[in-house]
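upload37.txt, holding compact mmCIF, C-alpha atoms:
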# COMPACT_ATOMS: atom_id res chain seq x y z
CA MET H 1 -43.29 187.88 11.13
CA SER H 2 -46.56 185.94 11.46
CA GLU H 3 -48.46 185.03 14.60
CA TYR H 4 -49.33 181.44 15.44
CA LYS H 5 -51.66 179.88 17.99
CA VAL H 6 -50.25 176.75 19.62
CA THR H 7 -52.65 174.52 21.58
CA ILE H 8 -50.99 172.31 24.18
CA THR H 9 -52.98 169.22 25.22
CA GLU H 10 -51.88 167.03 28.09
CA LYS H 11 -53.42 163.62 28.60
CA LEU H 12 -53.59 161.85 31.97
CA LYS H 13 -54.29 158.14 32.27
CA LYS H 14 -54.91 155.89 35.27
CA ASP H 15 -55.99 152.26 35.57
CA VAL H 16 -58.47 151.47 38.37
CA TYR H 17 -59.96 148.11 39.27
CA VAL H 18 -63.71 147.78 39.97
CA GLU H 19 -65.83 144.78 40.88
CA ALA H 20 -69.07 144.72 38.85
CA ASN H 21 -71.55 142.42 37.09
CA SER H 22 -70.88 143.84 33.62
CA LEU H 23 -68.54 146.06 31.64
CA GLU H 24 -71.18 148.83 31.55
CA GLU H 25 -71.70 148.62 35.32
CA ALA H 26 -67.91 148.78 35.91
CA GLN H 27 -67.65 151.89 33.74
CA HIS H 28 -70.64 153.46 35.55
CA ILE H 29 -69.12 152.76 38.98
CA ALA H 30 -65.71 154.16 37.96
CA THR H 31 -67.36 157.25 36.49
CA GLU H 32 -69.32 157.93 39.68
CA LYS H 33 -66.25 157.44 41.85
CA TRP H 34 -64.25 159.81 39.64
CA TYR H 35 -66.96 162.50 39.89
CA LYS H 36 -67.04 162.06 43.70
CA GLY H 37 -63.27 162.59 43.80
CA ASP H 38 -62.37 159.02 44.74
CA TYR H 39 -60.02 158.87 41.75
CA ILE H 40 -57.66 161.84 41.40
CA LEU H 41 -55.34 162.01 38.42
CA ASP H 42 -52.14 163.99 38.85
CA ALA H 43 -48.67 164.39 37.32
CA ASP H 44 -47.84 160.75 38.09
CA ASP H 45 -50.63 159.74 35.69
CA PHE H 46 -49.25 161.78 32.76
CA SER H 47 -49.34 159.76 29.53
CA GLU H 48 -49.17 162.03 26.49
CA ILE H 49 -48.64 165.60 25.30
CA LYS H 50 -49.66 167.06 21.96
CA PHE H 51 -48.88 170.40 20.30
CA ASP H 52 -51.13 171.71 17.52
CA ALA H 53 -50.18 174.95 15.75
CA GLU H 54 -52.19 177.10 13.38
CA GLU H 55 -51.55 180.49 11.81
CA VAL H 56 -53.58 183.32 13.28
CA GLU H 57 -55.44 185.50 10.82
CA PRO H 58 -54.39 189.17 10.78
CA GLN H 59 -56.41 191.15 13.31
CA GLU H 60 -59.28 193.36 12.27
CA LYS H 61 -58.61 197.09 12.47
CA ILE H 62 -61.23 199.38 13.97
CA LYS H 63 -61.67 203.12 13.54
CA VAL H 64 -61.49 205.02 16.84
CA VAL H 65 -60.94 208.53 18.19
CA LEU H 66 -57.66 208.66 20.10
CA LEU H 67 -57.62 211.00 23.13
CA GLN H 68 -54.33 212.07 24.70
CA PRO H 69 -53.79 214.49 27.58
CA GLY H 70 -53.13 218.02 26.30
CA LYS H 71 -53.64 217.08 22.63
CA VAL H 72 -56.39 217.49 20.07
CA ALA H 73 -58.34 214.27 19.41
CA LYS H 74 -57.54 212.36 16.24
CA VAL H 75 -59.22 209.65 14.20
CA THR H 76 -57.06 206.56 13.75
CA GLU H 77 -57.25 202.82 13.16
CA ILE H 78 -56.09 200.30 15.75
CA ASP H 79 -55.92 196.52 16.07
CA SER H 80 -58.96 195.16 17.88
CA THR H 81 -56.97 192.81 20.13
CA TYR H 82 -56.87 193.10 23.90
CA GLU H 83 -53.06 193.33 23.80
CA ALA H 84 -53.16 196.22 21.30
CA MET H 85 -55.69 198.09 23.45
CA LYS H 86 -53.54 197.58 26.58
CA GLU H 87 -50.53 198.97 24.72
CA ILE H 88 -52.41 202.11 23.65
CA VAL H 89 -53.71 202.94 27.14
CA GLY H 90 -50.51 201.85 28.88
CA GLY H 91 -51.90 199.13 31.15
CA GLY H 92 -54.96 197.08 32.03
CA ILE H 93 -58.13 198.33 30.40
CA ASP H 94 -61.52 199.41 31.63
CA MET H 95 -64.44 200.87 29.70
CA TYR H 96 -66.65 203.87 30.39
CA GLN H 97 -70.02 203.48 28.65
CA LEU H 98 -71.24 206.60 26.85
CA ASP H 99 -74.14 205.36 24.71
CA SER H 100 -73.44 203.04 21.79
CA ARG H 101 -69.82 204.10 22.30
CA VAL H 102 -67.31 203.37 25.04
CA VAL H 103 -64.17 205.09 26.26
CA VAL H 104 -61.44 202.48 26.64
CA HIS H 105 -58.92 203.66 29.23
CA ASN H 106 -56.24 202.56 31.70
CA ARG H 107 -58.13 201.15 34.68
CA ASP H 108 -55.39 202.32 37.08
CA GLY H 109 -54.70 205.64 35.37
CA LYS H 110 -55.79 207.88 38.25
CA ASN H 111 -54.15 205.71 40.92
CA ASP H 112 -50.92 205.62 38.92
CA GLY H 113 -50.92 209.43 38.68
CA LEU H 114 -51.37 209.65 34.91
CA GLU H 115 -52.20 213.09 33.57
CA TYR H 116 -55.92 213.82 33.34
CA CYS H 117 -57.21 213.55 29.80
CA ARG H 118 -60.95 214.13 29.42
CA ALA H 119 -63.97 214.67 31.65
CA MET H 120 -67.01 212.43 31.49
CA ARG H 121 -70.20 214.45 31.88
CA ASP H 122 -73.84 213.76 32.68
CA GLU H 123 -76.81 214.99 30.62
CA ASP H 124 -76.57 218.40 32.32
CA GLY H 125 -72.89 218.81 31.47
CA ARG H 126 -71.63 218.26 35.02
CA VAL H 127 -68.33 216.40 35.42
CA VAL H 128 -69.07 212.94 36.84
CA ASP H 129 -65.71 211.29 36.23
CA ILE H 130 -62.28 212.00 34.78
CA ILE H 131 -60.28 209.69 32.53
CA ALA H 132 -56.54 209.79 33.19
CA GLY H 133 -53.95 208.91 30.57
CA THR H 134 -54.30 208.11 26.89
CA CYS H 135 -57.62 206.55 25.94
CA PHE H 136 -59.80 206.03 22.89
CA VAL H 137 -63.46 206.04 21.98
CA CYS H 138 -64.86 203.18 19.92
CA GLY H 139 -68.24 201.71 19.06
CA THR H 140 -69.88 198.60 20.48
CA GLU H 141 -71.75 195.92 18.63
CA ASN H 142 -73.18 192.77 20.25
CA ASP H 143 -71.12 193.44 23.41
CA ASN H 144 -67.89 193.66 21.38
CA ILE H 145 -65.87 196.72 20.50
CA SER H 146 -66.25 197.96 16.94
CA SER H 147 -65.40 200.82 14.62
CA LEU H 148 -67.15 204.12 15.08
CA ASN H 149 -69.62 204.82 12.28
CA ASP H 150 -69.68 208.29 10.63
CA GLU H 151 -72.37 209.60 12.99
CA GLU H 152 -70.49 208.36 16.06
CA LEU H 153 -67.22 209.84 14.75
CA THR H 154 -68.83 213.26 14.31
CA LYS H 155 -70.45 213.11 17.77
CA THR H 156 -67.21 211.96 19.43
CA LEU H 157 -65.11 214.68 17.82
CA LYS H 158 -67.69 217.29 18.85
CA GLU H 159 -67.57 216.07 22.48
CA PHE H 160 -63.88 215.34 22.87
CA LYS H 161 -61.92 217.22 20.18
CA PHE H 162 -60.12 219.57 22.54
CA PRO H 163 -58.21 218.64 25.69
CA GLU H 164 -59.29 219.98 29.06
CA ARG H 165 -57.80 221.69 32.08
CA PHE H 166 -59.13 220.55 35.43
CA TYR H 167 -59.71 222.56 38.58
CA SER H 168 -61.75 222.22 41.75
CA VAL H 169 -64.19 224.59 43.38
CA GLY H 170 -65.20 223.32 46.79
CA ASP H 171 -66.12 219.66 46.39
CA GLU H 172 -66.70 219.90 42.65
CA ILE H 173 -64.19 219.22 39.91
CA ASN H 174 -64.62 221.26 36.76
CA ALA H 175 -63.03 221.06 33.34
CA VAL H 176 -62.47 223.71 30.69
CA ARG H 177 -61.67 222.84 27.09
CA PHE H 178 -58.77 224.58 25.41
CA ASN H 179 -57.11 224.57 22.02
CA PRO H 180 -53.43 223.67 22.56
CA GLU H 181 -52.48 225.11 19.17
CA LYS H 182 -53.79 228.56 20.14
CA ASP H 183 -53.09 228.42 23.88
CA LEU H 184 -49.32 228.60 24.34
CA SER H 185 -49.52 229.31 28.10
CA ARG H 186 -49.56 225.61 28.83
How does the structure come out when it is put into structure tokens?
Amino acid sequence: MSEYKVTITEKLKKDVYVEANSLEEAQHIATEKWYKGDYILDADDFSEIKFDAEEVEPQEKIKVVLLQPGKVAKVTEIDSTYEAMKEIVGGGIDMYQLDSRVVVHNRDGKNDGLEYCRAMRDEDGRVVDIIAGTCFVCGTENDNISSLNDEELTKTLKEFKFPERFYSVGDEINAVRFNPEKDLSR
């Protein structure tokens, strides 16, 4: 099945009568009155509707590192559409900036009680935030998401390969990485 974009255009039309010395002056007066809100067009002024359809090109795939709670990270390709990203993270998306990479995650993951997935750390290794639910790491290019390059893939897998267990000590939350294939106590 293919995807199509359909543009719906509605046209409103209203006749107004203006006293003026010339056609140009009449048009100028009507334009000014319209901008001031003196002429309001609404559903009663509907005159035409037009539907234009075009086939949508297949979406570009991007290479990302998929992170799931309790699972080892894996490299995969995903569609770069907003809808595809929402489906992967299970809801509305938010992004956590790392460097040239971002973690795309469910913006309501913690509030919705999703299982914690990975810790975000500062330069000193301290936990500064926790991402809840399935997420993925991708690159950024000109303020758009993009595939991870080989260097970014290696760096991401080094940082996020193994899942983490979370615990608190006083007011601090800590995280410890574990290998789920070797650790059967989970």
Quiz item: Taking all atoms listed in the file into account, which of H:Asp143, H:Val16, H:Lys50, H:Tyr4 comes nearest Asp38 in chain H?
Solution: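 The answer is H:Val16, which sits nearest to Asp38 in chain H.
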Give the centre and edge lengths of an axis-aligned box, in Å to one decimal, that holds all listed atoms of range 101-113 of chain H with 3 Å on each side, as JSON.
{"center_x": -60.4, "center_y": 205.3, "center_z": 31.6, "size_x": 24.9, "size_y": 14.3, "size_z": 24.6}
Practice problem: Find the residues around Gly91 in chain H up to 8 Å (only C-alpha atoms counted), leave out those fewer than 6 positions away in its own chain, and share them as a ChimeraX atom specification. | Solution: /H:106-108
Quiz prompt | Contacts of range 158-163 of chain H within 9 Å, all atoms listed in the file, excl. fewer than 3 positions in-chain, as number ranges by chain | solution = H: 65, 67-74, 117-119, 153-155, 176-180
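The space separating CA of Val169 in chain H from CA of Arg126 in chain H comes to 12.9 Å.
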Quiz item: Hey, which of H:Ala30, H:Glu87, H:Gly92, H:Cys138 ends up closest to Leu157 in chain H? Count all atoms listed in the file.
Solution: H:Cys138
Practice problem: Around the point (-63.5, 221.8, 35.4), in the coordinates given by the file, pick out the residues reaching within 8 Å, counting only C-alpha atoms, and return them as a list in words. | Solution: Val127, Glu164, Arg165, Phe166, Tyr167, Ser168, Ile173, Asn174, Ala175 and Val176 of chain H
Exercise. Have a look at H:Asp99, H:Glu83, H:Glu48, H:Glu3 and name the one nearest to Val137 in chain H; count only C-alpha atoms.
Key: H:Asp99
Quiz prompt | Residue among H:Ala132, H:Ala20, H:Glu123, H:Gly170 lying closest to Asp94 in chain H, counting all atoms listed in the file | solution = H:Ala132
Quiz item: Nearest to Glu60 in chain H among H:Ile131, H:Ile145, H:Ile93, H:Gly113, with distances taken over only C-alpha atoms: which residue is it?
Solution: H:Ile145
Self-check item: Contact residues around Leu148 in chain H with all atoms listed in the file at 8 Å, ignoring same-chain residues under 3 positions, as a VMD selection string
Solution: chain H and resid 62 to 64 101 138 to 139 151 to 153
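A straight line drawn from CA of Glu25 in chain H to CA of Ser47 in chain H is 25.6 Å long.
Take the candidates H:Gly90, H:Tyr35, H:Val6, H:Lys11 and check each one against Val104 in chain H using all atoms listed in the file; the shortest distance goes to H:Gly90.
Of note, CA of Tyr17 in chain H and CA of Ala43 in chain H are spaced 19.9 Å apart.
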Self-check item: For Asp45 in chain H: contacts at 9 Å, all atoms listed in the file, fewer than 3 positions along chain excluded, given as a list in words
Solution: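 Neighbouring residues, sequence-local ones excluded: Lys11, Leu12, Lys13, Lys14, Leu41 and Asp42 of chain H.
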